[in-house]
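Q: This one is target.tsv, TSV, C-alpha atoms and all ligand atoms.
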```tsv
chain	number	residue	atom	x	y	z
V	1	MET	CA	-40.13	-18.70	-61.21
V	2	SER	CA	-39.20	-21.28	-63.80
V	3	SER	CA	-35.80	-22.84	-63.39
V	4	GLN	CA	-33.55	-24.24	-66.07
V	5	ALA	CA	-30.97	-26.95	-65.68
V	6	THR	CA	-32.79	-28.69	-62.86
V	7	GLU	CA	-30.60	-31.78	-63.38
V	8	GLU	CA	-27.55	-29.65	-62.65
V	9	ARG	CA	-28.69	-27.95	-59.51
V	10	SER	CA	-29.22	-29.21	-55.99
V	11	LEU	CA	-32.80	-29.93	-55.05
V	12	VAL	CA	-34.83	-27.53	-52.96
V	13	MET	CA	-37.13	-28.97	-50.28
V	14	GLY	CA	-39.75	-26.46	-49.15
V	15	VAL	CA	-40.74	-26.54	-45.47
V	16	LEU	CA	-44.45	-26.74	-44.75
V	17	ASN	CA	-45.13	-26.88	-41.03
V	18	VAL	CA	-48.78	-27.63	-40.26
V	19	THR	CA	-48.17	-26.75	-36.62
V	20	PRO	CA	-49.12	-23.99	-34.18
V	21	ASP	CA	-45.62	-23.79	-32.67
V	22	SER	CA	-42.80	-24.25	-35.20
V	23	PHE	CA	-39.95	-21.87	-34.48
V	24	SER	CA	-40.16	-19.78	-37.64
V	25	ASP	CA	-43.57	-20.31	-39.25
V	26	GLY	CA	-45.57	-21.70	-36.33
V	27	GLY	CA	-49.27	-21.02	-36.77
V	28	GLU	CA	-48.91	-19.58	-40.26
V	29	TRP	CA	-49.94	-22.77	-42.05
V	30	PHE	CA	-51.70	-24.53	-39.15
V	31	ASP	CA	-55.00	-24.31	-40.97
V	32	GLY	CA	-55.02	-27.15	-43.54
V	33	GLN	CA	-56.45	-25.05	-46.36
V	34	ARG	CA	-53.82	-22.36	-45.83
V	35	ALA	CA	-51.14	-25.03	-45.77
V	36	ILE	CA	-52.34	-26.39	-49.12
V	37	ILE	CA	-52.29	-22.90	-50.62
V	38	ARG	CA	-48.74	-22.37	-49.32
V	39	GLY	CA	-47.75	-25.75	-50.79
V	40	HIS	CA	-49.01	-24.70	-54.22
V	41	GLU	CA	-47.16	-21.41	-53.85
V	42	MET	CA	-43.94	-23.30	-53.17
V	43	ILE	CA	-44.54	-25.43	-56.27
V	44	GLY	CA	-44.86	-22.19	-58.26
V	45	GLU	CA	-41.60	-21.00	-56.71
V	46	GLY	CA	-39.80	-24.10	-57.97
V	47	ALA	CA	-39.74	-26.43	-54.96
V	48	ASP	CA	-38.68	-29.95	-55.94
V	49	ILE	CA	-40.11	-31.49	-52.79
V	50	VAL	CA	-42.55	-30.17	-50.21
V	51	ASP	CA	-41.79	-31.40	-46.68
V	52	VAL	CA	-44.99	-31.63	-44.65
V	53	GLY	CA	-44.62	-31.76	-40.86
V	54	GLY	CA	-47.19	-31.86	-38.06
V	55	GLU	CA	-44.93	-31.75	-35.01
V	56	SER	CA	-42.38	-29.08	-34.17
V	57	THR	CA	-38.87	-30.27	-33.33
V	58	ARG	CA	-37.79	-26.94	-31.85
V	59	PRO	CA	-36.13	-27.03	-28.42
V	60	GLY	CA	-38.81	-27.40	-25.75
V	61	ALA	CA	-41.61	-28.27	-28.19
V	62	GLU	CA	-44.58	-30.24	-26.81
V	63	PRO	CA	-44.97	-33.77	-28.20
V	64	VAL	CA	-48.04	-34.19	-30.44
V	65	PRO	CA	-50.32	-37.28	-30.13
V	66	VAL	CA	-50.45	-39.55	-33.20
V	67	ASP	CA	-54.11	-38.78	-33.99
V	68	GLU	CA	-53.50	-35.07	-33.96
V	69	GLU	CA	-50.39	-35.34	-36.13
V	70	LEU	CA	-52.34	-37.46	-38.63
V	71	ARG	CA	-55.17	-34.95	-38.66
V	72	ARG	CA	-52.70	-32.20	-39.48
V	73	VAL	CA	-50.62	-33.81	-42.21
V	74	VAL	CA	-52.69	-36.38	-44.10
V	75	PRO	CA	-55.16	-34.03	-45.85
V	76	VAL	CA	-52.32	-31.69	-46.84
V	77	ILE	CA	-50.27	-34.55	-48.29
V	78	GLU	CA	-53.29	-35.92	-50.18
V	79	ALA	CA	-53.90	-32.50	-51.73
V	80	LEU	CA	-50.29	-31.81	-52.74
V	81	ALA	CA	-48.96	-35.24	-53.74
V	82	PRO	CA	-50.58	-35.24	-57.21
V	83	HIS	CA	-48.70	-32.01	-57.98
V	84	VAL	CA	-45.24	-32.35	-56.41
V	85	ARG	CA	-43.06	-34.85	-54.62
V	86	VAL	CA	-43.99	-34.83	-50.93
V	87	SER	CA	-41.94	-35.87	-47.93
V	88	VAL	CA	-43.29	-36.28	-44.42
V	89	ASP	CA	-41.32	-34.87	-41.51
V	90	THR	CA	-42.14	-37.23	-38.67
V	91	THR	CA	-40.59	-39.54	-36.09
V	92	LYS	CA	-43.70	-41.72	-35.71
V	93	GLU	CA	-44.13	-44.98	-37.55
V	94	ALA	CA	-47.92	-44.67	-37.80
V	95	VAL	CA	-47.68	-41.16	-39.22
V	96	ALA	CA	-45.03	-42.19	-41.75
V	97	GLU	CA	-47.23	-45.09	-42.89
V	98	ALA	CA	-50.34	-42.95	-43.25
V	99	ALA	CA	-48.35	-40.26	-45.05
V	100	VAL	CA	-47.05	-42.78	-47.57
V	101	ALA	CA	-50.59	-44.09	-48.10
V	102	ALA	CA	-51.61	-40.46	-48.74
V	103	GLY	CA	-48.91	-40.05	-51.40
V	104	ALA	CA	-45.64	-39.12	-49.68
V	105	THR	CA	-42.61	-40.86	-51.21
V	106	LEU	CA	-39.89	-39.75	-48.80
V	107	VAL	CA	-39.76	-40.16	-45.01
V	108	ASN	CA	-37.83	-37.26	-43.48
V	109	ASP	CA	-36.84	-38.74	-40.16
V	110	VAL	CA	-35.08	-36.52	-37.61
V	111	SER	CA	-34.83	-39.56	-35.29
V	112	ALA	CA	-33.03	-41.69	-37.92
V	113	SER	CA	-35.03	-44.69	-36.73
V	114	LEU	CA	-37.78	-45.23	-39.29
V	115	TRP	CA	-35.82	-47.19	-41.90
V	116	PRO	CA	-38.01	-50.31	-41.44
V	117	VAL	CA	-41.08	-48.28	-42.44
V	118	ALA	CA	-39.42	-46.76	-45.49
V	119	ALA	CA	-38.11	-50.19	-46.51
V	120	ALA	CA	-41.49	-51.89	-46.06
V	121	HIS	CA	-43.22	-49.30	-48.25
V	122	GLY	CA	-40.55	-48.86	-50.92
V	123	VAL	CA	-40.02	-45.14	-50.35
V	124	GLY	CA	-36.97	-42.95	-49.73
V	125	TRP	CA	-35.60	-42.14	-46.27
V	126	VAL	CA	-33.70	-39.22	-44.78
V	127	ALA	CA	-31.58	-40.19	-41.76
V	128	MET	CA	-30.84	-37.10	-39.68
V	129	HIS	CA	-28.47	-36.83	-36.73
V	130	ARG	CA	-29.67	-35.27	-33.51
V	131	LYS	CA	-28.30	-35.31	-30.01
V	132	GLY	CA	-30.96	-35.69	-27.32
V	133	THR	CA	-34.63	-34.82	-27.70
V	134	PRO	CA	-36.38	-31.48	-28.22
V	135	ALA	CA	-36.69	-31.28	-24.42
V	136	ASP	CA	-32.96	-31.40	-23.70
V	137	MET	CA	-31.02	-31.09	-26.95
V	138	GLN	CA	-29.73	-27.54	-26.42
V	139	ASP	CA	-28.71	-28.29	-22.83
V	140	ARG	CA	-24.93	-27.78	-23.23
V	141	PRO	CA	-24.35	-30.23	-26.08
V	142	HIS	CA	-20.87	-31.76	-26.13
V	143	PHE	CA	-18.91	-33.70	-28.75
V	144	ASP	CA	-15.23	-34.68	-28.66
V	145	ASP	CA	-15.15	-34.46	-32.45
V	146	VAL	CA	-18.48	-33.39	-33.87
V	147	VAL	CA	-17.63	-34.08	-37.52
V	148	ALA	CA	-16.24	-37.56	-36.88
V	149	GLU	CA	-19.09	-38.54	-34.54
V	150	VAL	CA	-21.88	-37.28	-36.80
V	151	THR	CA	-20.31	-38.77	-39.93
V	152	ALA	CA	-19.85	-42.19	-38.30
V	153	TYR	CA	-23.39	-42.16	-36.92
V	154	LEU	CA	-24.93	-41.25	-40.28
V	155	ALA	CA	-22.86	-43.80	-42.21
V	156	ASP	CA	-24.02	-46.47	-39.75
V	157	ARG	CA	-27.70	-45.49	-39.97
V	158	ALA	CA	-27.62	-45.14	-43.73
V	159	GLY	CA	-26.00	-48.57	-43.97
V	160	ARG	CA	-28.89	-50.04	-41.99
V	161	GLY	CA	-31.32	-48.44	-44.43
V	162	VAL	CA	-29.51	-49.89	-47.42
V	163	ALA	CA	-29.30	-53.32	-45.75
V	164	ALA	CA	-33.07	-53.17	-45.22
V	165	GLY	CA	-33.51	-52.60	-48.96
V	166	ILE	CA	-34.09	-48.84	-49.26
V	167	THR	CA	-32.75	-47.61	-52.57
V	168	GLU	CA	-32.86	-43.87	-51.77
V	169	VAL	CA	-31.13	-42.98	-48.49
V	170	TRP	CA	-30.22	-39.37	-47.66
V	171	ILE	CA	-28.03	-38.26	-44.77
V	172	ASP	CA	-28.39	-35.00	-42.87
V	173	PRO	CA	-26.12	-33.77	-40.03
V	174	GLY	CA	-29.07	-32.09	-38.28
V	175	ILE	CA	-27.93	-28.49	-38.05
V	176	GLY	CA	-29.19	-27.04	-34.75
V	177	PHE	CA	-30.25	-30.37	-33.24
V	178	GLY	CA	-28.19	-30.55	-30.05
V	179	LYS	CA	-25.37	-28.46	-31.48
V	180	THR	CA	-23.66	-25.19	-30.60
V	181	VAL	CA	-22.92	-22.47	-33.16
V	182	GLU	CA	-19.39	-23.89	-33.49
V	183	HIS	CA	-20.70	-27.43	-34.02
V	184	ASN	CA	-23.04	-26.18	-36.76
V	185	LEU	CA	-20.23	-24.32	-38.51
V	186	ALA	CA	-17.91	-27.32	-38.26
V	187	LEU	CA	-20.55	-29.55	-39.84
V	188	LEU	CA	-21.24	-27.06	-42.61
V	189	GLY	CA	-17.53	-26.99	-43.31
V	190	ALA	CA	-17.56	-30.78	-43.55
V	191	VAL	CA	-20.34	-31.28	-46.10
V	192	ASP	CA	-17.80	-32.52	-48.63
V	193	GLY	CA	-16.69	-35.21	-46.17
V	194	LEU	CA	-20.29	-36.26	-45.61
V	195	ALA	CA	-20.82	-36.42	-49.37
V	196	ALA	CA	-17.72	-38.62	-49.63
V	197	THR	CA	-19.63	-41.34	-47.74
V	198	GLY	CA	-21.45	-41.84	-51.06
V	199	PHE	CA	-24.88	-40.97	-49.66
V	200	PRO	CA	-26.61	-37.83	-50.94
V	201	VAL	CA	-26.51	-35.07	-48.34
V	202	LEU	CA	-29.44	-32.91	-47.21
V	203	ILE	CA	-28.75	-29.72	-45.24
V	204	GLY	CA	-31.27	-27.62	-43.30
V	205	THR	CA	-30.01	-24.29	-41.98
V	206	SER	CA	-33.03	-22.18	-42.90
V	207	ARG	CA	-33.75	-19.42	-40.36
V	208	LYS	CA	-32.13	-21.41	-37.54
V	209	SER	CA	-31.05	-19.72	-34.35
V	210	PHE	CA	-27.29	-19.95	-34.97
V	211	LEU	CA	-27.87	-17.63	-37.94
V	212	GLY	CA	-29.51	-15.17	-35.56
V	213	VAL	CA	-26.48	-15.36	-33.27
V	214	LEU	CA	-24.04	-14.86	-36.14
V	215	ALA	CA	-26.03	-11.84	-37.38
V	216	ALA	CA	-26.56	-10.34	-33.91
V	217	ALA	CA	-26.87	-6.60	-33.43
V	218	SER	CA	-23.95	-4.73	-31.85
V	219	ASP	CA	-25.63	-5.05	-28.43
V	220	GLY	CA	-25.68	-8.84	-28.86
V	221	THR	CA	-29.41	-9.16	-29.63
V	222	PRO	CA	-29.78	-12.08	-32.09
V	223	ALA	CA	-31.28	-11.32	-35.49
V	224	PRO	CA	-34.99	-12.19	-35.43
V	225	VAL	CA	-36.34	-15.12	-37.43
V	226	ASP	CA	-37.50	-12.81	-40.24
V	227	GLY	CA	-34.04	-11.24	-40.37
V	228	ARG	CA	-32.18	-14.44	-41.26
V	229	LEU	CA	-32.72	-14.69	-45.02
V	230	ALA	CA	-29.18	-13.62	-45.87
V	231	GLY	CA	-27.70	-16.20	-43.51
V	232	SER	CA	-30.09	-18.87	-44.76
V	233	LEU	CA	-29.11	-18.25	-48.37
V	234	ALA	CA	-25.41	-17.93	-47.62
V	235	THR	CA	-25.30	-21.22	-45.72
V	236	ALA	CA	-27.48	-23.05	-48.28
V	237	THR	CA	-25.18	-21.81	-51.04
V	238	TRP	CA	-22.11	-22.82	-49.08
V	239	ALA	CA	-23.55	-26.29	-48.50
V	240	MET	CA	-24.54	-26.75	-52.15
V	241	GLN	CA	-21.07	-25.73	-53.31
V	242	ARG	CA	-19.59	-28.33	-50.98
V	243	GLY	CA	-21.78	-31.06	-52.41
V	244	ALA	CA	-25.18	-30.98	-50.65
V	245	ARG	CA	-27.64	-32.48	-53.14
V	246	MET	CA	-30.65	-30.96	-51.36
V	247	VAL	CA	-31.37	-28.04	-49.04
V	248	ARG	CA	-34.43	-27.74	-46.78
V	249	VAL	CA	-35.71	-24.17	-46.70
V	250	HIS	CA	-38.61	-21.88	-45.91
V	251	ASP	CA	-37.69	-19.26	-48.55
V	252	VAL	CA	-38.13	-21.38	-51.65
V	253	ALA	CA	-38.03	-18.82	-54.48
V	254	ALA	CA	-34.78	-17.21	-53.32
V	255	THR	CA	-33.14	-20.57	-52.69
V	256	VAL	CA	-34.13	-21.94	-56.11
V	257	GLN	CA	-32.38	-18.91	-57.61
V	258	ALA	CA	-29.29	-19.58	-55.52
V	259	ALA	CA	-29.34	-23.29	-56.41
V	260	THR	CA	-29.67	-22.47	-60.11
V	261	LEU	CA	-26.72	-20.12	-59.88
V	262	VAL	CA	-24.55	-22.62	-58.02
V	263	GLY	CA	-25.48	-25.31	-60.58
V	264	ALA	CA	-25.00	-23.16	-63.66
V	265	PRO	CA	-22.14	-24.21	-65.94
V	266	ARG	CA	-19.09	-21.95	-65.47
V	267	PRO	CA	-17.42	-20.89	-68.72
V	268	ARG	CA	-13.73	-21.87	-68.60
V	269	ARG	CA	-11.04	-19.42	-69.65
I	1	LIG	N1	-34.91	-29.08	-39.32
I	1	LIG	C1	-36.13	-28.94	-38.77
I	1	LIG	C2	-37.12	-29.90	-38.97
I	1	LIG	N2	-36.90	-30.99	-39.74
I	1	LIG	N3	-35.45	-32.24	-41.12
I	1	LIG	C3	-34.24	-32.41	-41.67
I	1	LIG	N4	-34.00	-33.48	-42.44
I	1	LIG	N5	-33.22	-31.50	-41.50
I	1	LIG	C4	-33.38	-30.39	-40.73
I	1	LIG	O1	-32.42	-29.61	-40.57
I	1	LIG	C5	-34.66	-30.17	-40.10
I	1	LIG	C6	-35.69	-31.15	-40.32
I	1	LIG	C7	-36.41	-27.73	-37.93
I	1	LIG	O2	-36.94	-26.68	-38.70
I	1	LIG	P1	-38.50	-26.32	-38.85
I	1	LIG	O3	-39.26	-27.43	-39.48
I	1	LIG	O4	-38.62	-25.02	-39.54
I	1	LIG	O5	-39.00	-26.08	-37.37
I	1	LIG	P2	-39.87	-26.93	-36.38
I	1	LIG	O6	-39.15	-28.19	-36.11
I	1	LIG	O7	-40.00	-26.03	-35.18
I	1	LIG	O8	-41.21	-27.21	-37.02
```
Let me see the structure of the file written as structure tokens.
Ligand code: HH2
A:
Amino acid sequence: MSSQATEERSLVMGVLNVTPDSFSDGGEWFDGQRAIIRGHEMIGEGADIVDVGGESTRPGAEPVPVDEELRRVVPVIEALAPHVRVSVDTTKEAVAEAAVAAGATLVNDVSASLWPVAAAHGVGWVAMHRKGTPADMQDRPHFDDVVAEVTAYLADRAGRGVAAGITEVWIDPGIGFGKTVEHNLALLGAVDGLAATGFPVLIGTSRKSFLGVLAAASDGTPAPVDGRLAGSLATATWAMQRGARMVRVHDVAATVQAATLVGAPRPRR
């Protein structure tokens, strides 16, 4: 799909997990050649950035050794970077460095700790909030005031990135990372406050489990991963209307349409 008015709309980051175990697309793009084909498909669907990851962050995911993560992501980044902006979704310094050498220009960092790498290489950085690690993050997460705590944390991290010399720093409240359904909804309702920090906001709700809970069947069974498109689009749209400058999604074509609609000029009466 071709999109008009790209300057007006929020950016769409397409998720490309080169993993066997990601929560929604695990195994689908684990083969490098299939991942590259999917990356080109996302470009055709209008993705502004393709986010290549080689380690799942889902609750309980097994850590991946550096060599294996490099083997997964580097060839895919090399193949896609001449055609689209590529980010690397990693928490490892060595992987971020190799990804940048392969052509990635944005470090998507769910640990919010890799600002020295982004600064040293002159690339952008996404600082995401998470509570705990994949092993324990959904173990009864607690905040006294989730919006205040996450906003303060992100402002602090982003400030460190700027002080280190990074000129493109994004903040992301980390929907689903050590948060209950209520925490996620509170943070989505506070996107405008996050945007008021002055840093561009990235939001990733795509297919996440809280959407399954909110769309549960009458017997309480959560909606399956492939039954969460409506929730993914609704929450991405909500976030974009409240000022998110980028959304991270699996369903690129549908989200580009939604972003174009949200960004379209509204005739005044
Ligand atoms: N969510 C996931 C992974 N990386 N990065 C940012 N900045 N924001 C997010 O919300 C975010 C992220 C989890 O989703 P996914 O990549 O589909 O799953 P997995 O971690 O299992 O590979």
Q: Which residue out of V:Ser206, V:Gln257, V:Ser111, V:Thr237 has the minimum interatomic distance to Val225 in chain V when only C-alpha atoms are used?
A: V:Ser206
Q: If you count all atoms listed in the file, which residues fall within 9 Å of Gly227 in chain V, apart from same-chain ones fewer than 5 positions away, as a ChimeraX atom specification?
A: /V:207,212,215
Q: Write a file of the just-selected residues containing C-alpha atoms, as a compact mmCIF listing (two decimals), in the coordinates of the input.
A:
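The result, written out as out_29.txt:
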```txt
# COMPACT_ATOMS: atom_id res chain seq x y z
CA ARG V 207 -33.75 -19.42 -40.36
CA GLY V 212 -29.51 -15.17 -35.56
CA ALA V 215 -26.03 -11.84 -37.38
```
Q: Nearest to His40 in chain V: which of V:Met128, V:Leu233, V:Val247, V:Val76 is it, counting all atoms listed in the file?
A: V:Val76
Q: Can you pull out the residues contacting Ala164 in chain V? Cut-off 12 Å, using all atoms listed in the file, and skip same-chain residues under 3 positions away; I want them as a list in words.
A: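 Everything that qualifies: Leu114, Trp115, Pro116, Val117, Ala118, Ala119, Ala120, His121, Gly122, Val123, Gly124, Trp125, Arg157, Ala158, Gly159, Arg160, Gly161, Thr167, Glu168 and Val169 of chain V.
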Q: Taking the point (-50.2, -28.3, -45.7) as given in the file, collect each protein or nucleic acid residue that comes within 6 Å of it, counting all atoms listed in the file, and present the set as a ChimeraX atom specification.
A: /V:18,32,35-36,76
Q: Return the single residue from V:Leu194, V:Leu185, V:Ala234, V:Val110 that is closest to Phe210 in chain V, with distances computed using all atoms listed in the file.
A: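 Closest to Phe210 in chain V, using all atoms listed in the file: V:Leu185.
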Q: Write out as a ChimeraX atom specification each polymer residue whose atoms come within 10 Å of Pro200 in chain V, counting all atoms listed in the file; drop sequence neighbours fewer than 3 positions from it.
A: /V:126,168-172,194-197,243-246
Q: Could you turn the residues from that selection into a file that holds C-alpha atoms, as an mmCIF file, in the coordinates of the input?
A:
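So out.cif came out as:
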```
data_model
loop_
_atom_site.group_PDB
_atom_site.id
_atom_site.type_symbol
_atom_site.label_atom_id
_atom_site.label_comp_id
_atom_site.auth_asym_id
_atom_site.auth_seq_id
_atom_site.Cartn_x
_atom_site.Cartn_y
_atom_site.Cartn_z
ATOM 1 C CA VAL V 126 -33.700 -39.220 -44.780
ATOM 2 C CA GLU V 168 -32.860 -43.870 -51.770
ATOM 3 C CA VAL V 169 -31.130 -42.980 -48.490
ATOM 4 C CA TRP V 170 -30.220 -39.370 -47.660
ATOM 5 C CA ILE V 171 -28.030 -38.260 -44.770
ATOM 6 C CA ASP V 172 -28.390 -35.000 -42.870
ATOM 7 C CA LEU V 194 -20.290 -36.260 -45.610
ATOM 8 C CA ALA V 195 -20.820 -36.420 -49.370
ATOM 9 C CA ALA V 196 -17.720 -38.620 -49.630
ATOM 10 C CA THR V 197 -19.630 -41.340 -47.740
ATOM 11 C CA GLY V 243 -21.780 -31.060 -52.410
ATOM 12 C CA ALA V 244 -25.180 -30.980 -50.650
ATOM 13 C CA ARG V 245 -27.640 -32.480 -53.140
ATOM 14 C CA MET V 246 -30.650 -30.960 -51.360
#
```
Q: Select all residues near (-28.7, -39.7, -38.1) (cut-off 6 Å, inclusive, file coordinates), counting only C-alpha atoms, and output them as JSON, numbers by chain.
A: {"V": [112, 127, 128, 129, 153, 154]}
Q: Only C-alpha atoms, please: the residues just picked out, written as a compact mmCIF listing (two decimals), in the frame of the given file.
A:
```
# COMPACT_ATOMS: atom_id res chain seq x y z
CA ALA V 112 -33.03 -41.69 -37.92
CA ALA V 127 -31.58 -40.19 -41.76
CA MET V 128 -30.84 -37.10 -39.68
CA HIS V 129 -28.47 -36.83 -36.73
CA TYR V 153 -23.39 -42.16 -36.92
CA LEU V 154 -24.93 -41.25 -40.28
```
Q: I'd like the interatomic distance between CA of Thr255 in chain V and CA of Ser87 in chain V, to a tenth of an Å.
A: 18.3 Å
Q: Measuring atom to atom with all atoms listed in the file, identify which of V:Asp251, V:Asp67, V:Asp21, V:Asp156 is nearest to ligand LIG 1 (chain I).
A: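 Among the listed residues, V:Asp21 lies closest to ligand LIG 1 (chain I).
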Q: Could you tell me which of V:Ile175, V:Val74, V:Leu106, V:Val249 comes closest to Gln138 in chain V if we count all atoms listed in the file?
A: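 Using all atoms listed in the file, the shortest distance to Gln138 in chain V belongs to V:Ile175.
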Q: From the options V:Lys208, V:Arg266, V:Lys92, V:Arg72, which residue's atoms come nearest to ligand LIG 1 (chain I), counting all atoms listed in the file?
A: V:Lys208
Q: Using CA of Gly176 in chain V and CA of Thr235 in chain V as the two end points, give the distance in Å to one decimal.
A: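 Spanning CA of Gly176 in chain V to CA of Thr235 in chain V is a straight-line distance of 13.0 Å.
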Q: Just the number, please: distance in Å from CA of Val86 in chain V to CA of Ile166 in chain V, one decimal.
A: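 Rounded to one decimal, the two atoms are 17.2 Å apart.
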Q: Name all residues at most 10 Å from His83 in chain V (count only C-alpha atoms; drop same-chain ones fewer than 2 positions away) and give them as a compact mmCIF listing (two decimals) with C-alpha atoms, in the coordinates of the input.
A:
```
# COMPACT_ATOMS: atom_id res chain seq x y z
CA GLY V 39 -47.75 -25.75 -50.79
CA HIS V 40 -49.01 -24.70 -54.22
CA ILE V 43 -44.54 -25.43 -56.27
CA GLU V 78 -53.29 -35.92 -50.18
CA ALA V 79 -53.90 -32.50 -51.73
CA LEU V 80 -50.29 -31.81 -52.74
CA ALA V 81 -48.96 -35.24 -53.74
CA ARG V 85 -43.06 -34.85 -54.62
CA VAL V 86 -43.99 -34.83 -50.93
```
Q: Hey, what's within 10 Å of Ala258 in chain V if we count all atoms listed in the file and toss same-chain stuff fewer than 4 positions away? As a PDB file with C-alpha atoms, keeping the file's coordinate frame, please?
A:
```pdb
ATOM      1  CA  ARG V   9     -28.690 -27.950 -59.510  1.00  0.00           C
ATOM      2  CA  SER V  10     -29.220 -29.210 -55.990  1.00  0.00           C
ATOM      3  CA  LEU V 233     -29.110 -18.250 -48.370  1.00  0.00           C
ATOM      4  CA  ALA V 234     -25.410 -17.930 -47.620  1.00  0.00           C
ATOM      5  CA  ALA V 236     -27.480 -23.050 -48.280  1.00  0.00           C
ATOM      6  CA  THR V 237     -25.180 -21.810 -51.040  1.00  0.00           C
ATOM      7  CA  MET V 240     -24.540 -26.750 -52.150  1.00  0.00           C
ATOM      8  CA  VAL V 252     -38.130 -21.380 -51.650  1.00  0.00           C
ATOM      9  CA  ALA V 253     -38.030 -18.820 -54.480  1.00  0.00           C
ATOM     10  CA  ALA V 254     -34.780 -17.210 -53.320  1.00  0.00           C
ATOM     11  CA  VAL V 262     -24.550 -22.620 -58.020  1.00  0.00           C
ATOM     12  CA  GLY V 263     -25.480 -25.310 -60.580  1.00  0.00           C
ATOM     13  CA  ALA V 264     -25.000 -23.160 -63.660  1.00  0.00           C
TER      14      ALA V 264
END
```
